[in-house]
Each structure stands twice: as C-alpha cells, then as structure tokens.
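Source file: entry-v3.pdb; contents: PDB, C-alpha atoms.
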ATOM      1  CA  MET E   1       0.000   0.000   0.000
ATOM      2  CA  LEU E   2       1.167   3.490  -0.854
ATOM      3  CA  LEU E   3      -0.733   6.550   0.333
ATOM      4  CA  ILE E   4       0.294  10.052  -0.705
ATOM      5  CA  ILE E   5      -1.190  12.954   1.241
ATOM      6  CA  SER E   6      -0.886  16.498  -0.065
ATOM      7  CA  GLY E   7      -2.198  19.989   0.600
ATOM      8  CA  PHE E   8      -0.882  23.410   1.475
ATOM      9  CA  ALA E   9       0.521  24.237   4.927
ATOM     10  CA  GLY E  10      -2.151  23.990   7.608
ATOM     11  CA  SER E  11      -4.569  21.918   5.518
ATOM     12  CA  GLY E  12      -4.126  18.940   7.859
ATOM     13  CA  LYS E  13      -1.919  16.754   5.653
ATOM     14  CA  SER E  14       0.743  15.943   8.249
ATOM     15  CA  SER E  15      -1.863  15.269  10.926
ATOM     16  CA  LEU E  16      -3.799  13.032   8.539
ATOM     17  CA  ALA E  17      -0.641  11.175   7.490
ATOM     18  CA  ASP E  18       0.300  10.556  11.129
ATOM     19  CA  SER E  19      -3.237   9.440  12.046
ATOM     20  CA  LEU E  20      -3.407   7.093   9.055
ATOM     21  CA  GLY E  21      -0.006   5.691   9.950
ATOM     22  CA  LYS E  22      -1.155   4.860  13.471
ATOM     23  CA  LYS E  23      -4.509   3.482  12.351
ATOM     24  CA  LEU E  24      -3.083   1.338   9.527
ATOM     25  CA  GLY E  25       0.262   0.455  11.127
ATOM     26  CA  ILE E  26       2.225   1.971   8.246
ATOM     27  CA  LYS E  27       5.356   4.143   8.469
ATOM     28  CA  VAL E  28       4.910   7.831   7.625
ATOM     29  CA  VAL E  29       7.503   9.900   5.758
ATOM     30  CA  HIS E  30       7.238  13.692   5.885
ATOM     31  CA  ALA E  31       8.959  15.200   2.837
ATOM     32  CA  SER E  32       9.371  18.600   4.501
ATOM     33  CA  ALA E  33      11.309  17.041   7.403
ATOM     34  CA  ILE E  34      13.658  15.294   4.981
ATOM     35  CA  LEU E  35      14.167  18.520   3.023
ATOM     36  CA  LYS E  36      14.974  20.435   6.212
ATOM     37  CA  GLU E  37      17.487  17.735   7.213
ATOM     38  CA  MET E  38      19.020  17.724   3.711
ATOM     39  CA  LYS E  39      19.558  21.488   4.038
ATOM     40  CA  LYS E  40      21.490  20.848   7.233
ATOM     41  CA  SER E  41      23.293  17.574   6.491
ATOM     42  CA  GLY E  42      23.357  17.089   2.706
ATOM     43  CA  ILE E  43      21.473  14.881   0.266
ATOM     44  CA  ASP E  44      22.502  11.524   1.747
ATOM     45  CA  VAL E  45      20.027  11.815   4.628
ATOM     46  CA  ASP E  46      18.528   8.560   5.884
ATOM     47  CA  HIS E  47      14.767   9.163   5.844
ATOM     48  CA  GLU E  48      14.305   6.583   8.610
ATOM     49  CA  SER E  49      16.044   8.834  11.148
ATOM     50  CA  VAL E  50      14.391  12.147  10.242
ATOM     51  CA  GLU E  51      11.876  13.601  12.684
ATOM     52  CA  LYS E  52       8.951  15.820  11.697
ATOM     53  CA  SER E  53       9.440  19.561  12.157
ATOM     54  CA  LYS E  54       6.861  21.507  14.109
ATOM     55  CA  ASP E  55       7.067  25.234  13.556
ATOM     56  CA  TRP E  56      10.332  25.615  11.635
ATOM     57  CA  TRP E  57       8.637  26.189   8.270
ATOM     58  CA  GLU E  58       7.058  29.422   9.527
ATOM     59  CA  SER E  59      10.445  30.800  10.711
ATOM     60  CA  GLU E  60      12.637  33.458   9.137
ATOM     61  CA  GLU E  61      15.288  30.798   8.510
ATOM     62  CA  ALA E  62      12.764  28.825   6.463
ATOM     63  CA  LYS E  63      11.854  31.957   4.502
ATOM     64  CA  LYS E  64      15.524  32.415   3.585
ATOM     65  CA  PHE E  65      15.717  28.723   2.691
ATOM     66  CA  MET E  66      12.786  29.148   0.268
ATOM     67  CA  LYS E  67      14.732  31.932  -1.475
ATOM     68  CA  GLN E  68      17.743  29.608  -1.749
ATOM     69  CA  ARG E  69      15.510  26.866  -3.162
ATOM     70  CA  GLN E  70      14.168  29.243  -5.799
ATOM     71  CA  ASP E  71      17.717  30.150  -6.835
ATOM     72  CA  ASP E  72      19.033  26.587  -6.617
ATOM     73  CA  PRO E  73      16.413  23.821  -6.669
ATOM     74  CA  SER E  74      18.968  20.998  -6.489
ATOM     75  CA  LEU E  75      17.848  19.926  -2.993
ATOM     76  CA  ASP E  76      14.218  19.779  -4.122
ATOM     77  CA  ILE E  77      15.181  17.642  -7.112
ATOM     78  CA  ALA E  78      17.302  15.351  -4.924
ATOM     79  CA  LEU E  79      14.453  15.085  -2.409
ATOM     80  CA  ASP E  80      11.976  14.131  -5.116
ATOM     81  CA  LYS E  81      14.290  11.412  -6.446
ATOM     82  CA  LYS E  82      14.635  10.091  -2.892
ATOM     83  CA  LEU E  83      10.856  10.157  -2.397
ATOM     84  CA  ILE E  84      10.233   8.281  -5.653
ATOM     85  CA  GLY E  85      12.631   5.581  -4.435
ATOM     86  CA  ILE E  86      10.801   5.398  -1.106
ATOM     87  CA  ALA E  87       7.421   5.265  -2.880
ATOM     88  CA  GLU E  88       8.556   2.445  -5.165
ATOM     89  CA  LYS E  89       9.210   0.246  -2.125
ATOM     90  CA  GLY E  90       5.583   0.726  -1.039
ATOM     91  CA  ASN E  91       3.948   0.134   2.334
ATOM     92  CA  ILE E  92       4.401   3.780   3.291
ATOM     93  CA  ILE E  93       2.464   6.996   3.718
ATOM     94  CA  LEU E  94       4.078  10.020   2.094
ATOM     95  CA  ASP E  95       3.275  13.564   3.187
ATOM     96  CA  SER E  96       4.456  15.393   0.064
ATOM     97  CA  TRP E  97       3.636  18.313  -2.192
ATOM     98  CA  THR E  98       5.224  16.868  -5.322
ATOM     99  CA  MET E  99       4.711  13.103  -5.239
ATOM    100  CA  PRO E 100       1.039  13.158  -6.284
ATOM    101  CA  TYR E 101       2.191  14.745  -9.534
ATOM    102  CA  LEU E 102       5.568  13.047 -10.003
ATOM    103  CA  TYR E 103       5.026   9.478  -8.831
ATOM    104  CA  LYS E 104       3.496   7.478 -11.684
ATOM    105  CA  GLY E 105       3.097   4.134  -9.908
ATOM    106  CA  LYS E 106       0.019   2.838  -8.122
ATOM    107  CA  ALA E 107      -0.895   4.933  -5.090
ATOM    108  CA  PHE E 108      -3.938   6.307  -3.314
ATOM    109  CA  LYS E 109      -3.525  10.094  -3.486
ATOM    110  CA  VAL E 110      -5.378  12.534  -1.231
ATOM    111  CA  TRP E 111      -5.556  16.322  -1.597
ATOM    112  CA  LEU E 112      -6.627  18.326   1.456
ATOM    113  CA  ASN E 113      -7.858  21.800   0.704
ATOM    114  CA  ALA E 114      -8.573  24.594   3.156
ATOM    115  CA  SER E 115      -8.803  28.359   2.852
ATOM    116  CA  ALA E 116      -5.737  30.408   3.728
ATOM    117  CA  GLU E 117      -7.660  31.928   6.637
ATOM    118  CA  VAL E 118      -8.536  28.559   8.173
ATOM    119  CA  ARG E 119      -5.007  27.262   7.623
ATOM    120  CA  ALA E 120      -3.505  30.361   9.247
ATOM    121  CA  LYS E 121      -5.826  29.942  12.233
ATOM    122  CA  ARG E 122      -4.763  26.312  12.636
ATOM    123  CA  VAL E 123      -1.045  27.077  12.369
ATOM    124  CA  SER E 124      -1.247  30.103  14.673
ATOM    125  CA  GLU E 125      -3.065  28.054  17.325
ATOM    126  CA  ARG E 126      -0.826  25.002  16.886
ATOM    127  CA  ASP E 127       2.428  26.955  17.083
ATOM    128  CA  ASN E 128       1.227  29.818  19.340
ATOM    129  CA  LEU E 129       1.918  32.462  16.680
ATOM    130  CA  GLU E 130       0.099  35.689  15.786
ATOM    131  CA  TYR E 131      -2.715  34.987  13.284
ATOM    132  CA  GLY E 132      -2.177  37.991  10.959
ATOM    133  CA  GLU E 133       1.521  37.260  10.632
ATOM    134  CA  VAL E 134       0.853  33.573   9.923
ATOM    135  CA  LEU E 135      -1.791  34.439   7.311
ATOM    136  CA  THR E 136       0.657  36.689   5.473
ATOM    137  CA  LYS E 137       3.369  34.016   5.601
ATOM    138  CA  ILE E 138       1.028  31.251   4.450
ATOM    139  CA  LYS E 139      -0.177  33.242   1.444
ATOM    140  CA  ALA E 140       3.402  34.103   0.470
ATOM    141  CA  ARG E 141       4.551  30.523   0.974
ATOM    142  CA  ASP E 142       1.677  29.171  -1.131
ATOM    143  CA  ASN E 143       2.653  31.473  -3.999
ATOM    144  CA  GLU E 144       6.363  30.689  -3.686
ATOM    145  CA  THR E 145       5.726  26.945  -3.542
ATOM    146  CA  LYS E 146       3.405  27.035  -6.546
ATOM    147  CA  ALA E 147       5.955  29.055  -8.534
ATOM    148  CA  LEU E 148       8.824  26.742  -7.601
ATOM    149  CA  TYR E 149       7.047  23.561  -8.707
ATOM    150  CA  GLN E 150       5.575  25.225 -11.785
ATOM    151  CA  ARG E 151       9.091  26.166 -12.859
ATOM    152  CA  LEU E 152      10.657  22.824 -11.891
ATOM    153  CA  TYR E 153       7.998  20.355 -13.016
ATOM    154  CA  ASN E 154       5.367  22.317 -14.947
ATOM    155  CA  PHE E 155       2.439  21.650 -12.624
ATOM    156  CA  THR E 156       0.483  24.122 -10.533
ATOM    157  CA  MET E 157       0.059  22.679  -7.098
ATOM    158  CA  GLY E 158      -3.526  22.526  -5.945
ATOM    159  CA  GLU E 159      -5.075  23.308  -9.317
ATOM    160  CA  ASN E 160      -5.068  20.026 -11.234
ATOM    161  CA  LEU E 161      -6.832  17.685  -8.847
ATOM    162  CA  LYS E 162      -7.394  14.945 -11.451
ATOM    163  CA  VAL E 163      -4.267  13.143 -10.211
ATOM    164  CA  PHE E 164      -5.933  12.573  -6.817
ATOM    165  CA  ASN E 165      -8.213   9.722  -5.838
ATOM    166  CA  LEU E 166      -9.817  11.971  -3.236
ATOM    167  CA  ALA E 167      -9.959  15.739  -2.705
ATOM    168  CA  LEU E 168     -11.466  17.047   0.536
ATOM    169  CA  ASN E 169     -12.128  20.558   1.745
ATOM    170  CA  THR E 170     -11.144  20.488   5.419
ATOM    171  CA  ASP E 171     -12.372  23.989   6.372
ATOM    172  CA  GLU E 172     -15.366  22.622   8.288
ATOM    173  CA  LEU E 173     -14.036  19.158   9.168
ATOM    174  CA  THR E 174     -12.374  17.982  12.351
ATOM    175  CA  GLN E 175      -9.212  15.887  12.093
ATOM    176  CA  LYS E 176     -11.265  12.886  13.198
ATOM    177  CA  LYS E 177     -13.848  13.432  10.435
ATOM    178  CA  VAL E 178     -11.110  13.811   7.792
ATOM    179  CA  LEU E 179      -9.537  10.552   8.977
ATOM    180  CA  GLU E 180     -12.905   8.766   8.857
ATOM    181  CA  LYS E 181     -13.654   9.992   5.314
ATOM    182  CA  VAL E 182     -10.219   9.036   4.001
ATOM    183  CA  LEU E 183     -10.305   5.594   5.639
ATOM    184  CA  LYS E 184     -13.737   4.967   4.129
ATOM    185  CA  GLU E 185     -12.466   5.868   0.636
ATOM    186  CA  ILE E 186      -9.321   3.743   1.027
ATOM    187  CA  ARG E 187     -11.366   0.723   2.083
ATOM    188  CA  GLU E 188     -13.807   1.147  -0.806
TER     189      GLU E 188
END

Starting from the coordinates I provided, produce the structure as structure tokens.
Amino acid sequence: MLLIISGFAGSGKSSLADSLGKKLGIKVVHASAILKEMKKSGIDVDHESVEKSKDWWESEEAKKFMKQRQDDPSLDIALDKKLIGIAEKGNIILDSWTMPYLYKGKAFKVWLNASAEVRAKRVSERDNLEYGEVLTKIKARDNETKALYQRLYNFTMGENLKVFNLALNTDELTQKKVLEKVLKEIRE
C-alpha cells in the first residue's frame, strides 16, 4: 500500500498522514522534514532517522531557505528522487507536495484543501503564533511553492486535482472526520 497525502501548509496533511499511519500500522515519511534535514546535512540523509518539524517552516530561517531553493532547486530535485525511491518500495504513507504529480506508480492520493484563513488559524493556534503574521506568511509561501514547482515540473500545485483519488475541503471538518472519510475511501 502506498498513500500520498498532499495539501498546502495547515490543511491537515501531516496530521492526517500521522493518524493514518497509526490506524493502519504503516510508516509515515514527511517530505518537509527530509528537506529540512538535507539542508542541514546534505542529500545523503537517511529518511528513517528524520523527525517531523513543528514550527520551523514558519520561521525566518525557512523563509531564507525558500529563497535559496528558488535560486538553486537541487535539494528539491534530490528530495523528489529520494521520495520516488521510497514510494517504489511501497507500504508507506508520504506527506508530500510533489509526489502526487511526479510518482506514476500505483498509489492512493489525497488532496486536502482549506482556505488560507482557516489554515492560518490552525497554524497560529498550533504553534502559538500571531494569526495575521501567519496568514501573510502562508499566502506568500503558497505562492512561492506554486511558482517553484511550476518552474521545476510544470504543474500548478492545488489546481489540477485529477491526479488525486480523493480531494477534501477540510475547512469545516475535524481531524477525526477527515480521517474517517479518508479511511472509508481507502477501504472502498
């Protein structure tokens, strides 16, 4: 089994991936955690030892890292090659922005959508940050991420949902309800 969960920051993708992993007894790989570790340690990072980041992606350091990624996408490309290798082995849940579009093998792909306002509220509450600041950062990060992957791979993240088996708007859904809906679809 291969599950790929995607969605913009704050949509609930990491939480869903972790919940699915616990419920199904499958290892979860968070692409953003691997990318952060690759920035620090180089491309030969062992994904088995990488731990999920909490609030780093909303930091100033992460903002500078996004600028570096736009100028030199080599880490993103290396990450995506690594993720394809992980996906090919199967029996994993991937929390990734690119794999739904890049991985061509058999997988159940889920897109979680939520408004920028709802996502900012979730992130600000989760990480104890000021809502207005988070909203501004999330909108900028969405645009930067879309532009990066459009330039690298010629897809616009979040716009072509045909590659997904399931697309859910999570604005009005609890984490528990999202998990229930996704599990139901997987089982069907």

For Val163 in chain E, find every residue with an atom within 10 Å (counting only C-alpha atoms), except residues of its own chain fewer than 2 positions away, and show them as a list in words.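 With the cut-off at 10 Å, the set is Pro100, Tyr101, Leu102, Lys104, Phe108, Lys109, Val110, Trp111, Asn160, Leu161, Asn165, Leu166 and Ala167 of chain E.
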
Print the selection's residues with C-alpha atoms to a file, as an mmCIF file, in the coordinates of the input.
data_model
loop_
_atom_site.group_PDB
_atom_site.id
_atom_site.type_symbol
_atom_site.label_atom_id
_atom_site.label_comp_id
_atom_site.auth_asym_id
_atom_site.auth_seq_id
_atom_site.Cartn_x
_atom_site.Cartn_y
_atom_site.Cartn_z
ATOM 1 C CA PRO E 100 1.039 13.158 -6.284
ATOM 2 C CA TYR E 101 2.191 14.745 -9.534
ATOM 3 C CA LEU E 102 5.568 13.047 -10.003
ATOM 4 C CA LYS E 104 3.496 7.478 -11.684
ATOM 5 C CA PHE E 108 -3.938 6.307 -3.314
ATOM 6 C CA LYS E 109 -3.525 10.094 -3.486
ATOM 7 C CA VAL E 110 -5.378 12.534 -1.231
ATOM 8 C CA TRP E 111 -5.556 16.322 -1.597
ATOM 9 C CA ASN E 160 -5.068 20.026 -11.234
ATOM 10 C CA LEU E 161 -6.832 17.685 -8.847
ATOM 11 C CA ASN E 165 -8.213 9.722 -5.838
ATOM 12 C CA LEU E 166 -9.817 11.971 -3.236
ATOM 13 C CA ALA E 167 -9.959 15.739 -2.705
#

Around (3.6, 17.1, -6.1) in the file's own coordinates, what residues are found within 12 Å if you use all atoms listed in the file, given back as a ChimeraX atom specification? /E:4-8,31,76-77,79-80,83-84,94-104,109-111,145-146,148-150,152-161,163-164

In Å and to one decimal, CA of Glu144 in chain E is distant from CA of Lys67 in chain E by 8.7 Å

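CA of Arg69 in chain E sits 28.9 Å away from CA of Leu168 in chain E.
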
Return the single residue from E:Gln68, E:Asn113, E:Val123, E:Leu2 that is closest to Val178 in chain E, with distances computed using only C-alpha atoms. E:Asn113

Near-Lys139 in chain E list (7 Å; only C-alpha atoms; drop same-chain fewer than 4 positions) as an NGL selection string: :E and (116 or 135 or 143)

Writing out the chosen residues with C-alpha atoms as a PDB file, in the coordinates of the input:
ATOM      1  CA  ALA E 116      -5.737  30.408   3.728  1.00  0.00           C
ATOM      2  CA  LEU E 135      -1.791  34.439   7.311  1.00  0.00           C
ATOM      3  CA  ASN E 143       2.653  31.473  -3.999  1.00  0.00           C
TER       4      ASN E 143
END

Evaluate the PyMOL selection byres ((chain E and resi 17) around 8) against this structure - the residues, as a PyMOL selection string, please. chain E and resi 5+13-16+18-21+28+93-95

In Å to one decimal, how far is CA of Leu75 in chain E from CA of Arg141 in chain E? 17.5 Å

Would you mind telling me which residue in E:Arg119, E:Lys40, E:Lys64, E:His30 lies nearest to Asp171 in chain E when using only C-alpha atoms?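 Of all the options, E:Arg119 lies closest to Asp171 in chain E.
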